[in-house]
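Structure file structure.pdb with PDB, C-alpha atoms and all ligand atoms:
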```pdb
MODEL        1
ATOM      1  CA  MET A  19    -120.386 -12.813 131.616
ATOM      2  CA  LYS A  20    -120.395 -16.597 131.804
ATOM      3  CA  ILE A  21    -121.297 -18.422 135.040
ATOM      4  CA  VAL A  22    -120.189 -22.055 135.355
ATOM      5  CA  SER A  23    -120.852 -24.469 138.204
ATOM      6  CA  ASP A  24    -118.400 -27.124 136.965
ATOM      7  CA  ARG A  25    -114.882 -26.436 138.239
ATOM      8  CA  HIS A  26    -113.252 -28.239 135.319
ATOM      9  CA  GLU A  27    -115.176 -26.120 132.828
ATOM     10  CA  PHE A  28    -113.834 -23.044 134.637
ATOM     11  CA  GLN A  29    -110.312 -24.476 134.374
ATOM     12  CA  ARG A  30    -110.701 -25.256 130.644
ATOM     13  CA  GLU A  31    -112.147 -21.807 129.838
ATOM     14  CA  LEU A  32    -109.154 -20.074 131.414
ATOM     15  CA  GLN A  33    -106.675 -22.440 129.729
ATOM     16  CA  HIS A  34    -108.338 -21.581 126.434
ATOM     17  CA  HIS A  35    -108.011 -17.801 127.037
ATOM     18  CA  ARG A  36    -104.349 -18.141 128.017
ATOM     19  CA  ALA A  37    -103.656 -20.250 124.899
ATOM     20  CA  LYS A  38    -104.833 -17.223 122.914
ATOM     21  CA  GLY A  39    -102.296 -15.036 124.726
ATOM     22  CA  LYS A  40    -104.698 -13.425 127.214
ATOM     23  CA  THR A  41    -103.706 -12.594 130.780
ATOM     24  CA  VAL A  42    -106.022 -13.624 133.618
ATOM     25  CA  GLY A  43    -107.012 -11.838 136.837
ATOM     26  CA  PHE A  44    -108.794 -13.918 139.490
ATOM     27  CA  VAL A  45    -110.868 -12.791 142.488
ATOM     28  CA  PRO A  46    -111.844 -15.645 144.855
ATOM     29  CA  THR A  47    -114.784 -14.762 147.142
ATOM     30  CA  MET A  48    -117.454 -16.263 149.368
ATOM     31  CA  GLY A  49    -120.143 -14.055 147.807
ATOM     32  CA  PHE A  50    -122.510 -11.510 149.387
ATOM     33  CA  LEU A  51    -120.387  -9.072 147.454
ATOM     34  CA  HIS A  52    -119.825  -5.486 148.560
ATOM     35  CA  ASP A  53    -117.751  -2.641 147.214
ATOM     36  CA  GLY A  54    -114.577  -4.141 148.730
ATOM     37  CA  HIS A  55    -114.982  -7.167 146.434
ATOM     38  CA  ALA A  56    -115.981  -4.933 143.516
ATOM     39  CA  SER A  57    -112.773  -2.912 143.997
ATOM     40  CA  LEU A  58    -110.730  -6.130 143.565
ATOM     41  CA  MET A  59    -112.644  -6.969 140.381
ATOM     42  CA  ARG A  60    -112.218  -3.449 139.001
ATOM     43  CA  ARG A  61    -108.468  -3.619 139.697
ATOM     44  CA  ALA A  62    -108.273  -6.994 137.903
ATOM     45  CA  ARG A  63    -110.259  -5.443 135.010
ATOM     46  CA  GLU A  64    -107.666  -2.655 134.714
ATOM     47  CA  GLU A  65    -104.662  -4.989 134.844
ATOM     48  CA  CYS A  66    -105.743  -8.168 132.983
ATOM     49  CA  ASP A  67    -107.434  -9.212 129.722
ATOM     50  CA  ILE A  68    -109.808 -11.719 131.313
ATOM     51  CA  VAL A  69    -111.353 -11.328 134.775
ATOM     52  CA  ALA A  70    -112.449 -14.480 136.592
ATOM     53  CA  ALA A  71    -114.114 -14.733 140.009
ATOM     54  CA  SER A  72    -115.365 -17.530 142.223
ATOM     55  CA  ILE A  73    -118.225 -17.626 144.704
ATOM     56  CA  PHE A  74    -117.989 -20.464 147.170
ATOM     57  CA  VAL A  75    -118.853 -20.439 150.883
ATOM     58  CA  ASN A  76    -116.073 -22.735 152.017
ATOM     59  CA  PRO A  77    -117.224 -25.021 154.871
ATOM     60  CA  LEU A  78    -113.599 -25.876 155.721
ATOM     61  CA  GLN A  79    -112.919 -22.406 157.102
ATOM     62  CA  PHE A  80    -115.877 -22.292 159.521
ATOM     63  CA  GLY A  81    -115.567 -23.630 163.076
ATOM     64  CA  ALA A  82    -118.277 -25.802 164.668
ATOM     65  CA  ASN A  83    -119.903 -22.805 166.427
ATOM     66  CA  GLU A  84    -119.487 -20.358 163.571
ATOM     67  CA  ASP A  85    -121.923 -18.895 161.051
ATOM     68  CA  LEU A  86    -121.668 -21.332 158.074
ATOM     69  CA  ALA A  87    -125.416 -22.118 157.972
ATOM     70  CA  LYS A  88    -126.456 -18.498 158.172
ATOM     71  CA  TYR A  89    -123.613 -16.958 156.163
ATOM     72  CA  PRO A  90    -125.384 -14.360 153.971
ATOM     73  CA  ARG A  91    -126.094 -15.223 150.323
ATOM     74  CA  ASP A  92    -127.603 -13.132 147.526
ATOM     75  CA  ARG A  93    -127.483 -14.713 144.065
ATOM     76  CA  GLU A  94    -129.266 -11.839 142.322
ATOM     77  CA  GLY A  95    -127.279  -9.035 143.948
ATOM     78  CA  ASP A  96    -123.972 -10.865 143.448
ATOM     79  CA  THR A  97    -124.727 -11.491 139.747
ATOM     80  CA  ARG A  98    -125.370  -7.756 139.323
ATOM     81  CA  THR A  99    -122.142  -6.787 141.122
ATOM     82  CA  LEU A 100    -120.076  -9.277 139.083
ATOM     83  CA  GLU A 101    -121.538  -7.921 135.841
ATOM     84  CA  GLU A 102    -121.115  -4.268 136.818
ATOM     85  CA  SER A 103    -117.497  -4.911 137.845
ATOM     86  CA  GLY A 104    -116.597  -6.304 134.412
ATOM     87  CA  VAL A 105    -116.147  -9.970 135.349
ATOM     88  CA  ASP A 106    -115.988 -12.336 132.347
ATOM     89  CA  LEU A 107    -116.139 -15.777 133.964
ATOM     90  CA  VAL A 108    -117.493 -16.963 137.337
ATOM     91  CA  LEU A 109    -117.024 -20.306 139.051
ATOM     92  CA  TRP A 110    -120.164 -20.720 141.187
ATOM     93  CA  PRO A 111    -120.385 -24.366 142.289
ATOM     94  CA  ASN A 112    -123.829 -25.753 143.230
ATOM     95  CA  ASP A 113    -122.470 -28.733 145.069
ATOM     96  CA  PRO A 114    -119.703 -28.211 147.652
ATOM     97  CA  SER A 115    -118.463 -31.819 147.573
ATOM     98  CA  GLY A 116    -116.202 -31.444 144.518
ATOM     99  CA  MET A 117    -114.711 -28.264 145.975
ATOM    100  CA  LEU A 118    -113.408 -29.799 149.197
ATOM    101  CA  ASP A 119    -110.566 -32.309 149.470
ATOM    102  CA  GLY A 120    -111.346 -34.110 146.194
ATOM    103  CA  GLY A 121    -111.478 -37.376 148.121
ATOM    104  CA  SER A 122    -107.883 -37.023 149.354
ATOM    105  CA  GLY A 123    -109.046 -37.086 152.964
ATOM    106  CA  PHE A 124    -106.600 -34.405 154.067
ATOM    107  CA  ASN A 125    -106.210 -30.640 154.239
ATOM    108  CA  ILE A 126    -103.291 -28.227 154.154
ATOM    109  CA  GLN A 127    -101.993 -27.315 157.612
ATOM    110  CA  VAL A 128    -100.463 -23.873 157.738
ATOM    111  CA  GLY A 129     -98.792 -24.335 161.141
ATOM    112  CA  SER A 130     -97.884 -21.585 163.595
ATOM    113  CA  ILE A 131     -98.637 -18.588 161.334
ATOM    114  CA  GLY A 132    -102.274 -19.725 161.399
ATOM    115  CA  GLU A 133    -102.361 -19.956 165.179
ATOM    116  CA  LYS A 134    -101.654 -16.273 165.844
ATOM    117  CA  LEU A 135    -104.177 -13.378 165.917
ATOM    118  CA  CYS A 136    -107.496 -14.723 164.499
ATOM    119  CA  GLY A 137    -106.169 -18.294 164.700
ATOM    120  CA  ARG A 138    -106.330 -18.174 168.519
ATOM    121  CA  THR A 139    -110.130 -18.062 168.532
ATOM    122  CA  ARG A 140    -110.615 -19.750 165.126
ATOM    123  CA  PRO A 141    -108.508 -22.936 165.300
ATOM    124  CA  GLY A 142    -108.215 -24.601 161.877
ATOM    125  CA  HIS A 143    -109.678 -21.597 160.055
ATOM    126  CA  PHE A 144    -106.548 -20.812 158.049
ATOM    127  CA  ASP A 145    -106.000 -24.508 157.218
ATOM    128  CA  GLY A 146    -109.446 -24.365 155.590
ATOM    129  CA  VAL A 147    -108.630 -21.128 153.772
ATOM    130  CA  ALA A 148    -105.262 -22.435 152.493
ATOM    131  CA  THR A 149    -106.844 -25.706 151.338
ATOM    132  CA  ILE A 150    -109.559 -24.061 149.253
ATOM    133  CA  VAL A 151    -107.241 -21.343 147.928
ATOM    134  CA  ALA A 152    -104.710 -23.977 146.788
ATOM    135  CA  LYS A 153    -107.535 -25.764 145.011
ATOM    136  CA  LEU A 154    -108.802 -22.539 143.412
ATOM    137  CA  PHE A 155    -105.247 -21.604 142.334
ATOM    138  CA  ASN A 156    -104.884 -24.983 140.610
ATOM    139  CA  LEU A 157    -108.195 -24.484 138.834
ATOM    140  CA  ALA A 158    -107.438 -20.885 137.793
ATOM    141  CA  GLY A 159    -103.881 -21.592 136.597
ATOM    142  CA  PRO A 160    -101.307 -18.855 135.917
ATOM    143  CA  CYS A 161    -102.850 -15.508 136.812
ATOM    144  CA  LYS A 162    -102.829 -12.525 139.129
ATOM    145  CA  ALA A 163    -105.017 -13.221 142.167
ATOM    146  CA  TYR A 164    -106.518 -10.319 144.118
ATOM    147  CA  PHE A 165    -107.197 -10.271 147.877
ATOM    148  CA  GLY A 166    -108.206  -7.506 150.295
ATOM    149  CA  ARG A 167    -105.831  -6.258 152.981
ATOM    150  CA  LYS A 168    -108.663  -6.275 155.543
ATOM    151  CA  ASP A 169    -107.897  -9.978 155.943
ATOM    152  CA  ALA A 170    -104.242  -9.228 156.686
ATOM    153  CA  GLN A 171    -103.386 -12.606 158.215
ATOM    154  CA  GLN A 172    -105.128 -14.430 155.359
ATOM    155  CA  LEU A 173    -103.100 -12.393 152.853
ATOM    156  CA  VAL A 174     -99.773 -13.215 154.564
ATOM    157  CA  ILE A 175    -100.693 -16.921 154.554
ATOM    158  CA  ILE A 176    -101.804 -16.902 150.894
ATOM    159  CA  GLU A 177     -98.596 -15.095 149.872
ATOM    160  CA  ARG A 178     -96.566 -17.780 151.673
ATOM    161  CA  LEU A 179     -98.664 -20.528 150.081
ATOM    162  CA  ALA A 180     -98.184 -19.150 146.556
ATOM    163  CA  GLU A 181     -94.436 -18.551 146.995
ATOM    164  CA  GLY A 182     -93.647 -21.624 149.046
ATOM    165  CA  PHE A 183     -95.367 -24.069 146.724
ATOM    166  CA  ASP A 184     -94.445 -22.305 143.448
ATOM    167  CA  PHE A 185     -97.968 -21.658 142.302
ATOM    168  CA  PRO A 186     -97.730 -19.690 139.035
ATOM    169  CA  ILE A 187     -99.786 -16.967 140.678
ATOM    170  CA  GLU A 188     -98.967 -13.360 141.501
ATOM    171  CA  VAL A 189    -100.797 -12.500 144.712
ATOM    172  CA  VAL A 190    -101.942  -8.862 144.746
ATOM    173  CA  GLY A 191    -102.954  -7.286 148.081
ATOM    174  CA  CYS A 192    -105.473  -4.447 147.697
ATOM    175  CA  PRO A 193    -106.501  -1.629 150.083
ATOM    176  CA  THR A 194    -109.370  -2.078 152.540
ATOM    177  CA  VAL A 195    -112.523  -0.315 151.360
ATOM    178  CA  ARG A 196    -114.343   1.593 154.102
ATOM    179  CA  GLU A 197    -117.792   3.092 154.604
ATOM    180  CA  PRO A 198    -117.689   6.931 154.806
ATOM    181  CA  ASP A 199    -117.583   6.752 158.647
ATOM    182  CA  GLY A 200    -114.553   4.409 158.638
ATOM    183  CA  LEU A 201    -116.176   0.959 159.096
ATOM    184  CA  ALA A 202    -114.291  -1.590 156.984
ATOM    185  CA  MET A 203    -116.630  -3.237 154.458
ATOM    186  CA  SER A 204    -117.448  -6.861 155.279
ATOM    187  CA  SER A 205    -120.203  -9.311 154.335
ATOM    188  CA  ARG A 206    -120.666  -9.828 158.096
ATOM    189  CA  ASN A 207    -121.665  -6.148 158.585
ATOM    190  CA  SER A 208    -125.103  -7.325 157.393
ATOM    191  CA  TYR A 209    -125.562  -9.028 160.798
ATOM    192  CA  LEU A 210    -125.434  -5.653 162.607
ATOM    193  CA  GLY A 211    -128.542  -3.875 163.905
ATOM    194  CA  SER A 212    -128.423  -0.073 163.836
ATOM    195  CA  GLU A 213    -126.994   0.359 167.368
ATOM    196  CA  GLU A 214    -124.455  -2.403 166.693
ATOM    197  CA  ARG A 215    -123.537  -0.751 163.393
ATOM    198  CA  GLN A 216    -122.660   2.386 165.389
ATOM    199  CA  ALA A 217    -120.793   0.347 168.016
ATOM    200  CA  ALA A 218    -118.724  -1.363 165.293
ATOM    201  CA  LEU A 219    -116.902   1.924 164.742
ATOM    202  CA  CYS A 220    -114.877   1.083 167.873
ATOM    203  CA  LEU A 221    -112.611  -1.078 165.667
ATOM    204  CA  SER A 222    -111.508   1.721 163.346
ATOM    205  CA  ARG A 223    -111.361   4.085 166.357
ATOM    206  CA  ALA A 224    -109.010   1.655 168.098
ATOM    207  CA  LEU A 225    -106.723   1.563 165.051
ATOM    208  CA  SER A 226    -106.695   5.367 164.811
ATOM    209  CA  ALA A 227    -105.828   5.606 168.527
ATOM    210  CA  GLY A 228    -102.969   3.111 168.057
ATOM    211  CA  GLN A 229    -101.697   5.011 165.026
ATOM    212  CA  ALA A 230    -101.902   8.356 166.877
ATOM    213  CA  ALA A 231     -99.901   6.910 169.772
ATOM    214  CA  ILE A 232     -97.147   5.691 167.426
ATOM    215  CA  GLN A 233     -97.091   9.022 165.632
ATOM    216  CA  ALA A 234     -96.800  10.777 169.002
ATOM    217  CA  GLY A 235     -93.659   8.742 169.736
ATOM    218  CA  GLU A 236     -94.884   5.568 171.490
ATOM    219  CA  THR A 237     -92.429   2.775 170.720
ATOM    220  CA  LEU A 238     -93.704   0.019 173.045
ATOM    221  CA  GLY A 239     -95.836  -2.469 171.104
ATOM    222  CA  SER A 240     -97.605  -3.665 174.268
ATOM    223  CA  ARG A 241     -98.620  -0.092 175.146
ATOM    224  CA  VAL A 242    -100.065   0.469 171.652
ATOM    225  CA  ALA A 243    -102.022  -2.812 171.930
ATOM    226  CA  GLU A 244    -103.329  -1.651 175.344
ATOM    227  CA  ILE A 245    -104.482   1.697 173.927
ATOM    228  CA  MET A 246    -106.384  -0.146 171.177
ATOM    229  CA  SER A 247    -107.940  -2.606 173.657
ATOM    230  CA  GLU A 248    -109.160   0.286 175.824
ATOM    231  CA  GLN A 249    -110.976   1.806 172.849
ATOM    232  CA  VAL A 250    -112.857  -1.430 172.103
ATOM    233  CA  GLU A 251    -113.541  -2.175 175.776
ATOM    234  CA  SER A 252    -115.058   1.297 176.261
ATOM    235  CA  GLU A 253    -117.831   0.301 173.807
ATOM    236  CA  PRO A 254    -120.577  -1.520 175.804
ATOM    237  CA  LEU A 255    -121.868  -3.526 172.794
ATOM    238  CA  ALA A 256    -118.408  -4.818 171.856
ATOM    239  CA  ARG A 257    -116.535  -7.832 173.235
ATOM    240  CA  LEU A 258    -112.820  -7.672 172.495
ATOM    241  CA  ASP A 259    -111.245 -10.730 170.869
ATOM    242  CA  TYR A 260    -107.778  -9.239 170.473
ATOM    243  CA  ALA A 261    -105.908  -6.017 169.813
ATOM    244  CA  ALA A 262    -102.312  -6.481 168.693
ATOM    245  CA  CYS A 263     -99.307  -4.614 167.394
ATOM    246  CA  VAL A 264     -97.314  -7.094 165.309
ATOM    247  CA  ASP A 265     -94.625  -7.483 162.688
ATOM    248  CA  PRO A 266     -96.445  -7.374 159.298
ATOM    249  CA  GLU A 267     -94.590 -10.455 157.962
ATOM    250  CA  SER A 268     -94.178 -12.800 160.943
ATOM    251  CA  LEU A 269     -97.302 -11.557 162.800
ATOM    252  CA  ASP A 270     -95.306 -11.820 166.037
ATOM    253  CA  ASP A 271     -95.958  -9.211 168.736
ATOM    254  CA  LEU A 272     -93.583  -6.274 168.413
ATOM    255  CA  SER A 273     -91.856  -5.352 171.649
ATOM    256  CA  THR A 274     -90.323  -2.206 170.137
ATOM    257  CA  ILE A 275     -91.739  -0.411 167.109
ATOM    258  CA  SER A 276     -88.972   0.716 164.772
ATOM    259  CA  GLY A 277     -90.170   0.315 161.157
ATOM    260  CA  GLU A 278     -93.549  -0.997 160.022
ATOM    261  CA  ALA A 279     -96.152  -2.231 162.491
ATOM    262  CA  LEU A 280     -99.401  -4.003 161.708
ATOM    263  CA  LEU A 281    -102.119  -2.889 164.107
ATOM    264  CA  ALA A 282    -104.844  -5.551 164.148
ATOM    265  CA  VAL A 283    -108.090  -5.792 166.054
ATOM    266  CA  ALA A 284    -110.995  -8.250 166.290
ATOM    267  CA  ALA A 285    -114.205  -7.910 168.293
ATOM    268  CA  PHE A 286    -117.623  -9.486 168.611
ATOM    269  CA  ILE A 287    -120.503  -7.062 168.121
ATOM    270  CA  GLY A 288    -123.833  -8.837 168.553
ATOM    271  CA  GLN A 289    -123.650 -11.945 166.343
ATOM    272  CA  ALA A 290    -120.849 -10.594 164.167
ATOM    273  CA  ARG A 291    -117.141 -11.139 164.671
ATOM    274  CA  LEU A 292    -115.459  -8.221 162.919
ATOM    275  CA  ILE A 293    -111.799  -7.585 162.132
ATOM    276  CA  ASP A 294    -109.826  -4.595 160.948
ATOM    277  CA  ASN A 295    -106.176  -3.551 160.648
ATOM    278  CA  LEU A 296    -103.849  -0.759 159.675
ATOM    279  CA  THR A 297    -100.162  -0.716 158.757
ATOM    280  CA  VAL A 298     -98.298   2.145 160.404
ATOM    281  CA  THR A 299     -94.714   3.171 159.623
ATOM    282  CA  ARG A 300     -92.654   4.900 162.265
TER
HETATM  283  O1  LIG B   1    -111.618 -13.961 151.853
HETATM  284  C1  LIG B   1    -112.484 -14.784 151.510
HETATM  285  O2  LIG B   1    -113.586 -14.418 151.066
HETATM  286  C2  LIG B   1    -112.197 -16.271 151.659
HETATM  287  O3  LIG B   1    -111.473 -16.530 152.817
HETATM  288  C3  LIG B   1    -111.526 -16.897 150.424
HETATM  289  C4  LIG B   1    -110.148 -16.297 150.187
HETATM  290  C5  LIG B   1    -112.412 -16.686 149.203
HETATM  291  C6  LIG B   1    -111.351 -18.407 150.641
HETATM  292  O4  LIG B   1    -112.579 -19.036 150.858
ENDMDL
END
```
Can the structure from this file be put into structure tokens for me?
Amino acid sequence: MKIVSDRHEFQRELQHHRAKGKTVGFVPTMGFLHDGHASLMRRAREECDIVAASIFVNPLQFGANEDLAKYPRDREGDTRTLEESGVDLVLWPNDPSGMLDGGSGFNIQVGSIGEKLCGRTRPGHFDGVATIVAKLFNLAGPCKAYFGRKDAQQLVIIERLAEGFDFPIEVVGCPTVREPDGLAMSSRNSYLGSEERQAALCLSRALSAGQAAIQAGETLGSRVAEIMSEQVESEPLARLDYAACVDPESLDDLSTISGEALLAVAAFIGQARLIDNLTVTR
């Protein structure tokens, strides 16, 4: 496995592999890797000749009161996970400056799709995600790029970015990886103390309750959202951000559930803001 800090070296390496007829799989991350990330890398390993990854904690996607400074980092553990997952090439910049706007002085603005769900409490977050992902896509070049479905809104936005701007990238959404008790894996789970870790199960419980209601015949989106909210609000250590039942493409609230519904929930548990979601078909 080769680790490079220079983004242009990363770009050249991948160009060189493609010139030799190799296909490329790319897994962008912010590090502090867990089995969810490893599952993306293993999938890329199965489907592509060369597996590339990036580790960059992107300042553009953190709000002023968010956890940029204390976002968890683990160089040794991440190196081990990358190696064990069969990654060939890693972009791991030392200096964030070259990774931001490249001196352009502007960012991508994703508009209304970025203002729904998580965007309500994280204004500008998805502009920051889209900006860095566009940059990473340009550096990686033609490839398959792998993202987890836990970040459902991020995935919708990245799919639109890739399609809308004709990036030569196939975006591949991959299943959420969960702990045995149902908690969705997240780097931010490391913020949880043991009682909070237990309390965090209210997110997956809320999704299961929403799913059960739909399976039992509930067709009102607002009622399903209410059932999910009640689950989170019944947990004393949790503070609900939102619980929503939305169209999986537009992310608009569903008044009536007829086909697919995306159930999405976000809550603060201690210092951690956690998200989870489930797609349910009626
Ligand atoms: O999902 C993440 O880890 C990040 O949002 C991403 C896609 C690597 C962009 O910084």
(request) Around ligand LIG 1 (chain B), at most 6 Å away and counting only C-alpha atoms and all ligand atoms, which residues are there? Put them as a ChimeraX atom specification, please. (result) /A:46-48,76,147,151
(request) Compile the contact shell of Val105 in chain A as a list of chain:residue names: residues with an atom at most 9 Å away, counting all atoms listed in the file, same-chain residues fewer than 3 positions apart removed. (result) A:Met19, A:Lys20, A:Met59, A:Arg60, A:Ala62, A:Arg63, A:Ile68, A:Val69, A:Ala70, A:Ala71, A:Thr99, A:Leu100, A:Glu101, A:Glu102, A:Val108
(request) Pick out the closest residue to Asp85 in chain A from this set: A:Ser212, A:Ser276, A:Gln289, A:Gln33. Count all atoms listed in the file. (result)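 Among A:Ser212, A:Ser276, A:Gln289, A:Gln33, it is A:Gln289 that comes nearest to Asp85 in chain A.
Once the PyMOL selection byres (((chain A and resi 243) around 9) and not hetatm) is applied to the depicted file, the selected set reads A:Gly228, A:Leu238, A:Gly239, A:Ser240, A:Arg241, A:Val242, A:Glu244, A:Ile245, A:Met246, A:Ser247, A:Glu248, A:Tyr260, A:Ala261, A:Ala262, A:Cys263, A:Leu281, A:Ala282, A:Val283.
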(request) Provide the CA of Gly49 in chain A to CA of Val75 in chain A distance in Å, to one decimal place. (result)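 Computing it gives 7.2 Å between the two atoms.
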(request) Run the PyMOL selection byres (((chain A and resi 169) around 12) and not hetatm) against the file shown and list the residues it catches, as a PyMOL selection string. (result) chain A and resi 54+135-136+144+147+164-168+170-176+191-195+202-204+280+282-284+292-296
Written selection (C-alpha atoms) as a compact mmCIF listing (two decimals), in the coordinates of the input:
```
# COMPACT_ATOMS: atom_id res chain seq x y z
CA GLY A 54 -114.58 -4.14 148.73
CA LEU A 135 -104.18 -13.38 165.92
CA CYS A 136 -107.50 -14.72 164.50
CA PHE A 144 -106.55 -20.81 158.05
CA VAL A 147 -108.63 -21.13 153.77
CA TYR A 164 -106.52 -10.32 144.12
CA PHE A 165 -107.20 -10.27 147.88
CA GLY A 166 -108.21 -7.51 150.29
CA ARG A 167 -105.83 -6.26 152.98
CA LYS A 168 -108.66 -6.28 155.54
CA ALA A 170 -104.24 -9.23 156.69
CA GLN A 171 -103.39 -12.61 158.22
CA GLN A 172 -105.13 -14.43 155.36
CA LEU A 173 -103.10 -12.39 152.85
CA VAL A 174 -99.77 -13.22 154.56
CA ILE A 175 -100.69 -16.92 154.55
CA ILE A 176 -101.80 -16.90 150.89
CA GLY A 191 -102.95 -7.29 148.08
CA CYS A 192 -105.47 -4.45 147.70
CA PRO A 193 -106.50 -1.63 150.08
CA THR A 194 -109.37 -2.08 152.54
CA VAL A 195 -112.52 -0.32 151.36
CA ALA A 202 -114.29 -1.59 156.98
CA MET A 203 -116.63 -3.24 154.46
CA SER A 204 -117.45 -6.86 155.28
CA LEU A 280 -99.40 -4.00 161.71
CA ALA A 282 -104.84 -5.55 164.15
CA VAL A 283 -108.09 -5.79 166.05
CA ALA A 284 -111.00 -8.25 166.29
CA LEU A 292 -115.46 -8.22 162.92
CA ILE A 293 -111.80 -7.58 162.13
CA ASP A 294 -109.83 -4.60 160.95
CA ASN A 295 -106.18 -3.55 160.65
CA LEU A 296 -103.85 -0.76 159.68
```
(message) Could you tell me how far CA of Asn112 in chain A sits from CA of Glu94 in chain A, in Å to one decimal place?
(response)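 Here the two named atoms are 15.0 Å from each other.
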(message) Give me, as a list in words, all polymer residues having an atom no more than 10 Å from range 183-185 of chain A, counting all atoms listed in the file and skipping those fewer than 4 positions away in the same chain.
(response)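 That gives Ala152, Phe155, Asn156, Gly159, Pro160, Cys161, Arg178, Leu179 and Val189 of chain A.
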(request) Report the residues retrieved by the PyMOL selection byres (((chain A and resi 298) around 8) and not hetatm) from the displayed file, expressed as an MDAnalysis selection string. (result) chainID A and resid 229 232 278:281 296:297 299:300
Given 3 Å of margin on each side, can you work out the centre and size in Å (one decimal) of an axis-aligned box holding every listed atom of range 141-155 of chain A, as JSON?
```
{"center_x": -107.2, "center_y": -23.3, "center_z": 153.8, "size_x": 11.0, "size_y": 11.0, "size_z": 29.0}
```
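Using only C-alpha atoms, the residues found no farther than 12 Å from Gly288 in chain A, other than those of its own chain fewer than 5 positions away, are Arg206, Asn207, Ser208, Tyr209, Leu210, Gly211, Ser212, Glu213, Glu214, Arg215, Gln216, Ala217, Ala218, Pro254, Leu255, Ala256, Arg257 and Leu258 of chain A.
Counting only C-alpha atoms, His35 in chain A has the following residues at most 12 Å away, ignoring those fewer than 3 positions along the same chain: Phe28, Gln29, Arg30, Glu31, Leu32, Lys38, Gly39, Lys40, Thr41, Val42, Gly43, Cys66, Asp67, Ile68, Val69, Ala70, Asp106, Leu107, Ala158, Gly159, Pro160 and Cys161 of chain A.
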(message) Report, in Å to a single decimal, how far apart CA of Thr274 in chain A and CA of Glu251 in chain A are.
(response) 23.9 Å
(message) Under the rule that all atoms listed in the file are counted, which of A:Phe80, A:Tyr89, A:Trp110, A:Phe124 is the nearest residue to His143 in chain A?
(response)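 Using all atoms listed in the file, the shortest distance to His143 in chain A belongs to A:Phe80.
Ranking A:Arg93, A:Arg223, A:Lys153, A:His55 by their shortest atom-to-atom distance to Leu201 in chain A, with all atoms listed in the file included, puts A:Arg223 first.
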(request) Name the closest residue to Glu27 in chain A among the candidates A:Gly95, A:Pro77, A:Gly120, A:Pro111; distances are taken between atoms, counting all atoms listed in the file. (result)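 Of the candidates, the smallest distance to Glu27 in chain A is held by A:Pro111.
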(request) Kindly indicate which residue among A:Ala234, A:Ala37, A:Leu272, A:Ile287 lies nearest to Asp259 in chain A, using all atoms listed in the file for the distances. (result)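 Using all atoms listed in the file, Asp259 in chain A sits closest to A:Ile287.
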(request) Find the residue from A:Asp145, A:Asp96, A:Glu253, A:Asp199 that sits nearest to Gly132 in chain A; use only C-alpha atoms when measuring. (result) A:Asp145
Atoms are missing here; could range 173-181 of chain A be completed with N, CA, C and O atoms and written as a short mmCIF file (atom, residue, chain, number, x, y, z; two decimals), keeping the file's coordinate frame?
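Final file, out-v1.cif:
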```cif
data_model
loop_
_atom_site.label_atom_id
_atom_site.label_comp_id
_atom_site.auth_asym_id
_atom_site.auth_seq_id
_atom_site.Cartn_x
_atom_site.Cartn_y
_atom_site.Cartn_z
N LEU A 173 -103.95 -12.80 153.97
CA LEU A 173 -103.10 -12.39 152.85
C LEU A 173 -101.66 -12.89 153.05
O LEU A 173 -101.04 -13.42 152.12
N VAL A 174 -101.14 -12.73 154.28
CA VAL A 174 -99.77 -13.22 154.56
C VAL A 174 -99.69 -14.72 154.28
O VAL A 174 -98.74 -15.22 153.67
N ILE A 175 -100.70 -15.46 154.72
CA ILE A 175 -100.69 -16.92 154.55
C ILE A 175 -100.81 -17.30 153.07
O ILE A 175 -100.09 -18.19 152.59
N ILE A 176 -101.64 -16.59 152.33
CA ILE A 176 -101.80 -16.90 150.89
C ILE A 176 -100.52 -16.54 150.12
O ILE A 176 -100.11 -17.26 149.22
N GLU A 177 -99.88 -15.44 150.52
CA GLU A 177 -98.60 -15.10 149.87
C GLU A 177 -97.57 -16.21 150.11
O GLU A 177 -96.86 -16.61 149.20
N ARG A 178 -97.52 -16.69 151.36
CA ARG A 178 -96.57 -17.78 151.67
C ARG A 178 -96.91 -19.04 150.91
O ARG A 178 -96.03 -19.76 150.45
N LEU A 179 -98.20 -19.33 150.80
CA LEU A 179 -98.66 -20.53 150.08
C LEU A 179 -98.22 -20.45 148.61
O LEU A 179 -97.66 -21.41 148.06
N ALA A 180 -98.48 -19.30 147.99
CA ALA A 180 -98.18 -19.15 146.56
C ALA A 180 -96.68 -19.25 146.30
O ALA A 180 -96.23 -19.94 145.39
N GLU A 181 -95.90 -18.55 147.18
CA GLU A 181 -94.44 -18.55 147.00
C GLU A 181 -93.84 -19.90 147.35
O GLU A 181 -93.04 -20.47 146.61
#
```
